[in-house]
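*Asks:* Just my_file39.pdb, nothing more (PDB, C-alpha atoms):
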```pdb
MODEL        1
ATOM      1  CA  MET A  28     110.426 164.565 166.364
ATOM      2  CA  GLN A  29     111.970 166.836 168.993
ATOM      3  CA  ALA A  30     115.499 166.288 170.229
ATOM      4  CA  ILE A  31     118.440 168.091 171.754
ATOM      5  CA  LEU A  32     121.147 168.162 169.107
ATOM      6  CA  ILE A  33     124.804 168.963 169.750
ATOM      7  CA  ASN A  34     126.927 170.297 166.914
ATOM      8  CA  LYS A  35     130.531 171.357 166.550
ATOM      9  CA  ASP A  36     131.689 173.235 163.477
ATOM     10  CA  ASP A  37     133.634 176.308 162.412
ATOM     11  CA  SER A  38     131.222 178.517 164.354
ATOM     12  CA  GLY A  39     131.860 176.610 167.585
ATOM     13  CA  TYR A  40     130.136 174.158 169.905
ATOM     14  CA  SER A  41     126.363 174.317 170.382
ATOM     15  CA  ALA A  42     123.479 172.373 171.920
ATOM     16  CA  GLN A  43     119.920 173.309 171.032
ATOM     17  CA  MET A  44     116.395 172.045 170.545
ATOM     18  CA  SER A  45     115.966 170.647 167.029
ATOM     19  CA  GLN A  46     113.495 168.851 164.821
ATOM     20  CA  ILE A  47     114.869 165.584 163.426
ATOM     21  CA  GLU A  48     113.422 162.903 161.147
ATOM     22  CA  GLU A  49     113.229 159.221 162.034
ATOM     23  CA  GLN A  50     115.471 158.335 159.098
ATOM     24  CA  GLN A  51     118.241 160.432 160.688
ATOM     25  CA  LEU A  52     118.459 158.042 163.644
ATOM     26  CA  PRO A  53     121.602 155.886 163.618
ATOM     27  CA  GLU A  54     121.639 152.177 162.829
ATOM     28  CA  GLY A  55     120.272 149.660 165.295
ATOM     29  CA  ASP A  56     117.936 146.680 165.425
ATOM     30  CA  VAL A  57     115.391 148.138 167.874
ATOM     31  CA  LEU A  58     113.382 151.355 167.492
ATOM     32  CA  ILE A  59     112.055 152.764 170.768
ATOM     33  CA  GLN A  60     109.417 155.380 171.493
ATOM     34  CA  VAL A  61     111.110 157.166 174.382
ATOM     35  CA  ASP A  62     108.898 157.966 177.373
ATOM     36  CA  TYR A  63     111.445 159.490 179.722
ATOM     37  CA  SER A  64     115.146 160.243 179.726
ATOM     38  CA  THR A  65     117.351 161.844 182.359
ATOM     39  CA  LEU A  66     119.943 164.552 182.808
ATOM     40  CA  ASN A  67     123.078 163.018 184.267
ATOM     41  CA  TYR A  68     126.354 164.759 185.051
ATOM     42  CA  LYS A  69     127.827 163.257 181.889
ATOM     43  CA  ASP A  70     124.901 164.636 179.872
ATOM     44  CA  SER A  71     125.537 168.078 181.312
ATOM     45  CA  LEU A  72     129.209 167.783 180.379
ATOM     46  CA  ALA A  73     128.098 166.958 176.836
ATOM     47  CA  ILE A  74     125.508 169.733 176.566
ATOM     48  CA  THR A  75     127.776 172.443 177.977
ATOM     49  CA  GLY A  76     130.916 171.215 176.245
ATOM     50  CA  ALA A  77     132.749 171.409 179.574
ATOM     51  CA  SER A  78     134.467 168.106 178.798
ATOM     52  CA  PRO A  79     135.025 166.297 175.475
ATOM     53  CA  VAL A  80     132.388 163.674 176.194
ATOM     54  CA  VAL A  81     130.855 163.680 172.707
ATOM     55  CA  ARG A  82     132.873 161.695 170.187
ATOM     56  CA  ASN A  83     130.804 162.216 167.017
ATOM     57  CA  PHE A  84     128.822 165.160 165.681
ATOM     58  CA  PRO A  85     125.988 165.860 165.396
ATOM     59  CA  MET A  86     124.973 164.045 168.602
ATOM     60  CA  VAL A  87     121.789 163.574 170.594
ATOM     61  CA  PRO A  88     122.886 163.368 174.260
ATOM     62  CA  GLY A  89     121.205 161.269 176.921
ATOM     63  CA  ILE A  90     122.954 158.211 178.389
ATOM     64  CA  ASP A  91     119.636 156.893 179.780
ATOM     65  CA  PHE A  92     116.142 156.310 178.552
ATOM     66  CA  ALA A  93     113.064 154.218 179.245
ATOM     67  CA  GLY A  94     110.409 153.575 176.648
ATOM     68  CA  THR A  95     108.370 151.192 174.526
ATOM     69  CA  VAL A  96     109.628 149.133 171.606
ATOM     70  CA  GLU A  97     108.057 150.318 168.366
ATOM     71  CA  HIS A  98     109.874 147.912 166.028
ATOM     72  CA  SER A  99     112.417 145.162 166.668
ATOM     73  CA  ASP A 100     114.631 142.917 164.589
ATOM     74  CA  HIS A 101     116.240 141.590 167.778
ATOM     75  CA  ALA A 102     115.227 138.151 169.061
ATOM     76  CA  ASP A 103     114.821 139.283 172.684
ATOM     77  CA  PHE A 104     112.376 142.137 172.057
ATOM     78  CA  LYS A 105     109.078 142.724 170.288
ATOM     79  CA  ALA A 106     106.802 145.704 169.697
ATOM     80  CA  GLY A 107     105.138 146.794 172.928
ATOM     81  CA  ASP A 108     107.952 145.677 175.264
ATOM     82  CA  GLN A 109     109.032 148.222 177.854
ATOM     83  CA  VAL A 110     112.795 148.618 178.088
ATOM     84  CA  VAL A 111     115.570 150.546 179.828
ATOM     85  CA  LEU A 112     118.958 151.581 178.487
ATOM     86  CA  ASN A 113     121.976 152.748 180.496
ATOM     87  CA  GLY A 114     125.373 153.534 178.996
ATOM     88  CA  PHE A 115     127.096 151.633 176.165
ATOM     89  CA  GLY A 116     128.356 154.960 174.811
ATOM     90  CA  VAL A 117     124.834 156.139 174.000
ATOM     91  CA  GLY A 118     124.749 159.935 174.111
ATOM     92  CA  GLU A 119     128.510 159.986 173.452
ATOM     93  CA  GLY A 120     129.172 157.969 170.301
ATOM     94  CA  HIS A 121     125.621 156.880 169.433
ATOM     95  CA  TRP A 122     122.504 159.074 169.530
ATOM     96  CA  GLY A 123     120.919 158.945 172.950
ATOM     97  CA  GLY A 124     117.731 159.412 174.899
ATOM     98  CA  LEU A 125     117.126 163.173 174.888
ATOM     99  CA  ALA A 126     114.802 162.738 171.928
ATOM    100  CA  GLN A 127     111.336 161.339 171.347
ATOM    101  CA  LYS A 128     112.657 158.222 169.599
ATOM    102  CA  ALA A 129     115.877 156.210 169.680
ATOM    103  CA  ARG A 130     117.289 153.415 167.541
ATOM    104  CA  VAL A 131     119.857 151.201 169.288
ATOM    105  CA  LYS A 132     121.251 147.689 169.451
ATOM    106  CA  GLY A 133     118.979 145.301 171.294
ATOM    107  CA  ASP A 134     121.984 143.890 173.152
ATOM    108  CA  TRP A 135     122.173 147.211 175.006
ATOM    109  CA  LEU A 136     118.629 146.998 176.353
ATOM    110  CA  VAL A 137     117.289 145.579 179.607
ATOM    111  CA  PRO A 138     113.615 144.700 180.145
ATOM    112  CA  LEU A 139     111.936 147.234 182.406
ATOM    113  CA  PRO A 140     111.278 145.508 185.774
ATOM    114  CA  SER A 141     107.541 145.292 186.434
ATOM    115  CA  ALA A 142     108.070 147.054 189.776
ATOM    116  CA  PHE A 143     108.819 150.334 187.989
ATOM    117  CA  THR A 144     107.038 152.700 185.646
ATOM    118  CA  PRO A 145     109.245 154.277 182.947
ATOM    119  CA  LYS A 146     109.278 157.492 184.989
ATOM    120  CA  GLN A 147     110.399 155.668 188.131
ATOM    121  CA  ALA A 148     113.067 153.827 186.154
ATOM    122  CA  MET A 149     114.479 157.140 184.992
ATOM    123  CA  THR A 150     114.306 158.590 188.494
ATOM    124  CA  ILE A 151     116.736 155.780 189.240
ATOM    125  CA  GLY A 152     118.574 155.911 185.894
ATOM    126  CA  THR A 153     122.280 155.368 185.458
ATOM    127  CA  ALA A 154     122.902 157.115 188.780
ATOM    128  CA  GLY A 155     120.750 154.679 190.737
ATOM    129  CA  TYR A 156     121.916 151.677 188.756
ATOM    130  CA  THR A 157     125.510 152.724 189.488
ATOM    131  CA  ALA A 158     124.667 153.150 193.182
ATOM    132  CA  MET A 159     123.281 149.604 193.220
ATOM    133  CA  LEU A 160     126.449 148.268 191.585
ATOM    134  CA  CYS A 161     128.431 150.016 194.331
ATOM    135  CA  VAL A 162     126.307 148.476 197.086
ATOM    136  CA  MET A 163     126.678 145.050 195.480
ATOM    137  CA  ALA A 164     130.465 145.527 195.368
ATOM    138  CA  LEU A 165     130.530 146.272 199.105
ATOM    139  CA  GLU A 166     128.431 143.159 199.761
ATOM    140  CA  GLN A 167     130.672 141.004 197.570
ATOM    141  CA  GLN A 168     133.653 142.097 199.684
ATOM    142  CA  GLY A 169     131.845 141.059 202.851
ATOM    143  CA  VAL A 170     130.881 144.497 204.152
ATOM    144  CA  ASN A 171     127.781 144.075 206.326
ATOM    145  CA  PRO A 172     125.698 146.426 208.514
ATOM    146  CA  ASP A 173     127.282 145.176 211.749
ATOM    147  CA  GLN A 174     130.774 146.384 210.804
ATOM    148  CA  GLY A 175     130.190 150.105 211.229
ATOM    149  CA  GLU A 176     129.594 153.307 209.335
ATOM    150  CA  ILE A 177     129.355 153.550 205.545
ATOM    151  CA  LEU A 178     130.354 156.855 203.960
ATOM    152  CA  VAL A 179     128.633 158.212 200.855
ATOM    153  CA  THR A 180     130.216 161.241 199.175
ATOM    154  CA  GLY A 181     128.357 163.611 196.880
ATOM    155  CA  ALA A 182     125.341 162.445 198.822
ATOM    156  CA  ALA A 183     122.899 165.085 197.541
ATOM    157  CA  GLY A 184     123.618 164.154 193.911
ATOM    158  CA  GLY A 185     122.031 161.411 191.845
ATOM    159  CA  VAL A 186     124.315 158.490 192.742
ATOM    160  CA  GLY A 187     124.619 159.640 196.336
ATOM    161  CA  SER A 188     120.896 160.089 196.930
ATOM    162  CA  VAL A 189     120.041 156.587 195.738
ATOM    163  CA  ALA A 190     123.031 155.085 197.563
ATOM    164  CA  VAL A 191     121.955 156.641 200.868
ATOM    165  CA  SER A 192     118.402 155.340 200.409
ATOM    166  CA  LEU A 193     119.537 151.838 199.430
ATOM    167  CA  LEU A 194     122.062 151.458 202.233
ATOM    168  CA  ALA A 195     119.654 152.760 204.861
ATOM    169  CA  LYS A 196     116.932 150.314 203.823
ATOM    170  CA  LEU A 197     119.465 147.469 203.932
ATOM    171  CA  GLY A 198     120.252 148.349 207.549
ATOM    172  CA  TYR A 199     123.601 150.122 207.184
ATOM    173  CA  THR A 200     124.582 153.158 209.244
ATOM    174  CA  VAL A 201     125.071 155.828 206.600
ATOM    175  CA  VAL A 202     127.102 159.024 206.910
ATOM    176  CA  ALA A 203     126.363 161.413 204.056
ATOM    177  CA  SER A 204     129.067 163.809 202.870
ATOM    178  CA  SER A 205     127.889 166.929 201.052
ATOM    179  CA  GLY A 206     129.056 170.435 200.241
ATOM    180  CA  ARG A 207     125.563 171.813 200.722
ATOM    181  CA  PRO A 208     124.507 172.138 204.375
ATOM    182  CA  GLU A 209     121.027 173.192 203.280
ATOM    183  CA  GLU A 210     120.436 169.594 202.116
ATOM    184  CA  LYS A 211     120.863 168.101 205.602
ATOM    185  CA  ASP A 212     117.137 167.490 206.170
ATOM    186  CA  TYR A 213     116.813 165.947 202.707
ATOM    187  CA  LEU A 214     119.664 163.516 203.370
ATOM    188  CA  LEU A 215     118.362 162.601 206.810
ATOM    189  CA  SER A 216     114.950 161.911 205.234
ATOM    190  CA  LEU A 217     116.617 159.398 202.880
ATOM    191  CA  GLY A 218     118.040 157.512 205.846
ATOM    192  CA  ALA A 219     121.413 159.089 206.618
ATOM    193  CA  THR A 220     122.216 159.100 210.338
ATOM    194  CA  GLN A 221     124.720 161.941 210.048
ATOM    195  CA  VAL A 222     125.689 164.595 207.496
ATOM    196  CA  MET A 223     129.284 165.836 207.279
ATOM    197  CA  ASP A 224     130.838 168.697 205.336
ATOM    198  CA  ARG A 225     132.732 167.502 202.277
ATOM    199  CA  ASN A 226     135.565 169.910 203.168
ATOM    200  CA  GLU A 227     136.546 167.512 205.956
ATOM    201  CA  LEU A 228     137.763 165.147 203.239
ATOM    202  CA  SER A 229     138.645 167.329 200.275
ATOM    203  CA  GLU A 230     142.096 168.629 201.275
ATOM    204  CA  LYS A 231     145.420 166.815 201.366
ATOM    205  CA  GLY A 232     145.490 164.529 204.389
ATOM    206  CA  ARG A 233     147.679 162.028 206.174
ATOM    207  CA  PRO A 234     148.738 158.809 204.418
ATOM    208  CA  LEU A 235     147.137 156.832 207.234
ATOM    209  CA  ALA A 236     144.410 158.242 209.473
ATOM    210  CA  LYS A 237     142.278 156.966 212.335
ATOM    211  CA  GLU A 238     140.121 154.011 211.309
ATOM    212  CA  ARG A 239     136.465 154.935 210.842
ATOM    213  CA  TRP A 240     134.695 153.596 207.758
ATOM    214  CA  ALA A 241     133.668 149.973 207.208
ATOM    215  CA  GLY A 242     132.822 150.861 203.639
ATOM    216  CA  ALA A 243     132.360 153.832 201.354
ATOM    217  CA  ILE A 244     130.819 154.855 198.042
ATOM    218  CA  ASP A 245     132.777 157.687 196.460
ATOM    219  CA  VAL A 246     131.886 159.896 193.503
ATOM    220  CA  ALA A 247     134.657 162.461 194.043
ATOM    221  CA  GLY A 248     138.080 160.916 193.491
ATOM    222  CA  SER A 249     141.227 162.984 194.112
ATOM    223  CA  HIS A 250     142.023 163.977 197.726
ATOM    224  CA  THR A 251     138.587 162.874 198.894
ATOM    225  CA  LEU A 252     139.134 159.290 197.777
ATOM    226  CA  ALA A 253     142.697 159.308 199.141
ATOM    227  CA  ASN A 254     141.448 160.447 202.555
ATOM    228  CA  ILE A 255     138.691 157.854 202.555
ATOM    229  CA  CYS A 256     141.213 155.094 201.867
ATOM    230  CA  ALA A 257     143.427 156.417 204.656
ATOM    231  CA  SER A 258     140.594 156.224 207.194
ATOM    232  CA  MET A 259     139.093 152.842 206.276
ATOM    233  CA  LYS A 260     138.767 150.180 208.935
ATOM    234  CA  TYR A 261     140.845 147.034 208.577
ATOM    235  CA  GLY A 262     139.518 145.010 205.634
ATOM    236  CA  GLY A 263     137.139 147.750 204.529
ATOM    237  CA  THR A 264     136.072 148.417 200.949
ATOM    238  CA  VAL A 265     135.648 151.608 198.931
ATOM    239  CA  ALA A 266     133.505 151.519 195.781
ATOM    240  CA  ALA A 267     134.778 154.308 193.507
ATOM    241  CA  CYS A 268     132.488 155.440 190.692
ATOM    242  CA  GLY A 269     133.176 159.118 190.006
ATOM    243  CA  LEU A 270     135.669 161.948 189.636
ATOM    244  CA  ALA A 271     133.695 165.043 190.621
ATOM    245  CA  GLN A 272     136.712 166.461 192.477
ATOM    246  CA  GLY A 273     139.312 165.131 190.061
ATOM    247  CA  TYR A 274     140.665 162.058 188.292
ATOM    248  CA  ASP A 275     143.916 162.039 190.276
ATOM    249  CA  LEU A 276     144.495 159.822 193.313
ATOM    250  CA  PRO A 277     147.182 161.375 195.556
ATOM    251  CA  ALA A 278     147.322 158.403 197.929
ATOM    252  CA  THR A 279     149.863 155.923 199.304
ATOM    253  CA  VAL A 280     149.866 152.134 199.466
ATOM    254  CA  MET A 281     149.831 152.199 203.283
ATOM    255  CA  PRO A 282     146.083 151.569 203.803
ATOM    256  CA  PHE A 283     146.257 148.683 201.343
ATOM    257  CA  ILE A 284     149.257 146.874 202.808
ATOM    258  CA  LEU A 285     148.742 147.745 206.489
ATOM    259  CA  ARG A 286     144.951 147.469 206.721
ATOM    260  CA  GLY A 287     144.146 145.209 203.789
ATOM    261  CA  ILE A 288     141.537 147.525 202.324
ATOM    262  CA  THR A 289     139.981 147.071 198.885
ATOM    263  CA  LEU A 290     139.411 149.782 196.287
ATOM    264  CA  ALA A 291     136.697 148.529 193.934
ATOM    265  CA  GLY A 292     136.296 150.386 190.648
ATOM    266  CA  ILE A 293     132.707 150.593 189.404
ATOM    267  CA  ASP A 294     132.051 150.902 185.671
ATOM    268  CA  SER A 295     128.427 151.259 184.639
ATOM    269  CA  VAL A 296     128.872 151.979 180.928
ATOM    270  CA  TYR A 297     129.997 148.593 179.590
ATOM    271  CA  ARG A 298     128.876 146.351 182.428
ATOM    272  CA  PRO A 299     127.841 142.869 181.192
ATOM    273  CA  LYS A 300     124.114 142.381 180.666
ATOM    274  CA  ALA A 301     123.817 139.795 183.457
ATOM    275  CA  ASP A 302     125.164 142.335 185.968
ATOM    276  CA  ARG A 303     122.737 144.964 184.668
ATOM    277  CA  ILE A 304     119.744 142.698 185.081
ATOM    278  CA  ALA A 305     120.934 141.676 188.556
ATOM    279  CA  ALA A 306     121.328 145.325 189.583
ATOM    280  CA  TRP A 307     117.891 146.316 188.280
ATOM    281  CA  ASN A 308     116.300 143.323 189.999
ATOM    282  CA  ARG A 309     117.983 144.307 193.264
ATOM    283  CA  LEU A 310     116.741 147.878 192.849
ATOM    284  CA  ALA A 311     113.214 146.507 192.492
ATOM    285  CA  GLU A 312     113.664 144.642 195.786
ATOM    286  CA  ASP A 313     115.734 147.028 197.893
ATOM    287  CA  LEU A 314     114.985 150.611 196.902
ATOM    288  CA  ASP A 315     112.429 152.475 199.001
ATOM    289  CA  LEU A 316     110.100 153.745 196.288
ATOM    290  CA  THR A 317     108.608 156.298 198.683
ATOM    291  CA  HIS A 318     111.890 158.217 198.384
ATOM    292  CA  LEU A 319     111.701 158.617 194.610
ATOM    293  CA  ASP A 320     109.487 161.697 194.619
ATOM    294  CA  ALA A 321     111.919 163.480 196.951
ATOM    295  CA  ILE A 322     114.893 162.493 194.798
ATOM    296  CA  MET A 323     113.313 163.459 191.451
ATOM    297  CA  THR A 324     112.568 166.695 189.622
ATOM    298  CA  GLU A 325     110.713 166.418 186.301
ATOM    299  CA  ILE A 326     111.752 168.739 183.475
ATOM    300  CA  THR A 327     111.062 169.088 179.757
ATOM    301  CA  LEU A 328     113.516 168.662 176.910
ATOM    302  CA  SER A 329     113.940 172.416 176.517
ATOM    303  CA  GLN A 330     114.510 172.861 180.265
ATOM    304  CA  ALA A 331     117.347 170.345 180.124
ATOM    305  CA  LEU A 332     119.566 172.893 178.384
ATOM    306  CA  GLU A 333     119.372 175.376 181.262
ATOM    307  CA  THR A 334     119.435 172.692 183.946
ATOM    308  CA  ALA A 335     122.688 171.341 182.488
ATOM    309  CA  GLN A 336     124.342 174.683 183.215
ATOM    310  CA  GLU A 337     123.056 174.614 186.809
ATOM    311  CA  GLN A 338     124.216 171.037 187.294
ATOM    312  CA  MET A 339     127.726 171.949 186.192
ATOM    313  CA  GLN A 340     127.747 174.712 188.813
ATOM    314  CA  GLY A 341     126.777 172.281 191.580
ATOM    315  CA  LEU A 342     123.403 173.961 192.101
ATOM    316  CA  THR A 343     121.177 170.918 191.641
ATOM    317  CA  ARG A 344     119.941 168.107 193.872
ATOM    318  CA  GLY A 345     119.002 164.507 193.206
ATOM    319  CA  ARG A 346     117.789 163.278 189.844
ATOM    320  CA  PHE A 347     116.371 165.115 186.830
ATOM    321  CA  VAL A 348     113.835 163.130 184.850
ATOM    322  CA  VAL A 349     113.240 164.489 181.349
ATOM    323  CA  ASN A 350     109.745 164.121 179.911
ATOM    324  CA  VAL A 351     110.740 164.135 176.247
ATOM    325  CA  ASN A 352     107.123 164.361 175.105
ATOM    326  CA  ALA A 353     106.162 167.413 177.182
TER     327      ALA A 353
ENDMDL
END
```
Is it possible to give me this structure as structure tokens?
*Replies:*
Amino acid sequence: MQAILINKDDSGYSAQMSQIEEQQLPEGDVLIQVDYSTLNYKDSLAITGASPVVRNFPMVPGIDFAGTVEHSDHADFKAGDQVVLNGFGVGEGHWGGLAQKARVKGDWLVPLPSAFTPKQAMTIGTAGYTAMLCVMALEQQGVNPDQGEILVTGAAGGVGSVAVSLLAKLGYTVVASSGRPEEKDYLLSLGATQVMDRNELSEKGRPLAKERWAGAIDVAGSHTLANICASMKYGGTVAACGLAQGYDLPATVMPFILRGITLAGIDSVYRPKADRIAAWNRLAEDLDLTHLDAIMTEITLSQALETAQEQMQGLTRGRFVVNVNA
């Protein structure tokens, strides 16, 4: 079968198209015929070697996939079931979805909601599932559409695109932050009411700024997240799920102790199964499926290698769905 295989040896770090045998797949109790995978930021980090994401070599990247069970020794799944996988270290420590087959633990799988085809599920992928977890975190903290504007950073990316669409459909007033002014029409088409330049938030700011945001979903971290916290309304909530600008947080406690804001950390990799199922069920209810075509670009396995380089340079938009059988 075809797969992208990452190796690291005396000659250096490499990622290339390879032919692998089924018996090379790692241990697991479910064998899946992969229909579609995705190219996430983490996958691009792995493919390019820009960050030490991969923990074992050789490695098949791909933190997402959707496909059909070919064989199962797990009680919850049988041959013919359609399933989705997000995270659990797949593509980092266990061979992932950028291959035509995958063998994994059944405990990592979620049944594919009937509302989605495998291709649609991968248009959503970890990015969209993470966006839904962020929206749910805002709701759990009592943030509702009547309280004011919701900021989404990195809005033209995978998490941001789905977050904008979800929030808009749920009735929130969404302000999209992006470093690419050419994506304004795209973001407005997803439901954003305003698009702002990310540079307004990316430099060192005041420890406490004018109140503006009722809630926020942030993929940037660093100064951006610090400035968001500083400009939250009283009792507001920020859902933090990324570190595109940096993993530091040069902030003060002032917004927390003077305005009672909440900073909610969102982990998608090891989220309990019940939360995963809840998030996917909410996506089936609340995501505007008419937006998926605008969010998604379909590529082949071989194209994923070049696209990973472009993604690391910030030259891509939305979600990349990988047809592993093309």
*Asks:* Taking all atoms listed in the file into account, produce a table as a Markdown table in which each residue of range 308-353 of chain A with an atom at most 9 Å from an atom of range 211-219 of chain A appears once, together with its shortest atom pair and the distance in Å to one decimal, ordered by chain and rising number.
*Replies:*
```
| residue | atom | partner | partner_atom | distance |
| --- | --- | --- | --- | --- |
| A:Asp315 | CA | A:Leu217 | CA | 9.0 |
| A:His318 | CA | A:Leu217 | CA | 6.6 |
| A:Ala321 | CA | A:Tyr213 | CA | 7.9 |
| A:Ile322 | CA | A:Leu217 | CA | 8.8 |
```
*Asks:* So for range 36-44 of chain A, what box centre and size do we get, axis-aligned, 5 Å extra on each of the six sides, every listed atom, Å to one decimal, as JSON?
*Replies:*
```
{"center_x": 125.0, "center_y": 175.3, "center_z": 167.2, "size_x": 27.2, "size_y": 16.5, "size_z": 19.5}
```
*Asks:* Choose the residue, out of A:Ala77, A:Ala154, A:Val87, A:Leu125, that has the smallest atom-to-atom separation from Ala306 in chain A; count only C-alpha atoms.
*Replies:* A:Ala154
*Asks:* List the neighbours of Pro277 in chain A out to 10 Å using all atoms listed in the file; skip same-chain residues closer than 2 positions along the sequence, and give me the result as a PyMOL selection string.
*Replies:* chain A and resi 231-232+234+248-254+274-275+279
*Asks:* Measuring atom to atom with all atoms listed in the file, identify which of A:Ile33, A:Val179, A:Ile74, A:Ala236 is nearest to Glu333 in chain A.
*Replies:*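 Answer, going by the shortest atom-to-atom distance: A:Ile74.
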*Asks:* Step by step, work through what the PyMOL selection byres ((chain A and resi 153) around 12) selects in the shown file, and finish by giving those residues as an MDAnalysis selection string.
*Replies:* chainID A and resid 64:70 89:93 111:115 117 148:152 154:160 185:187 189 268 294:298 303 306:307 310 346:348
*Asks:* Since I can't run it myself right now, could you work out what the PyMOL selection byres ((chain A and resi 132-134) around 9) selects here and report it as a list in words?
*Replies:*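 Given this file, the PyMOL selection byres ((chain A and resi 132-134) around 9) evaluates to Glu54, Gly55, Asp56, Val57, Leu58, Ser99, Asp100, His101, Ala102, Asp103, Phe104, Arg130, Val131, Trp135, Leu136, Val137 and Lys300 of chain A.
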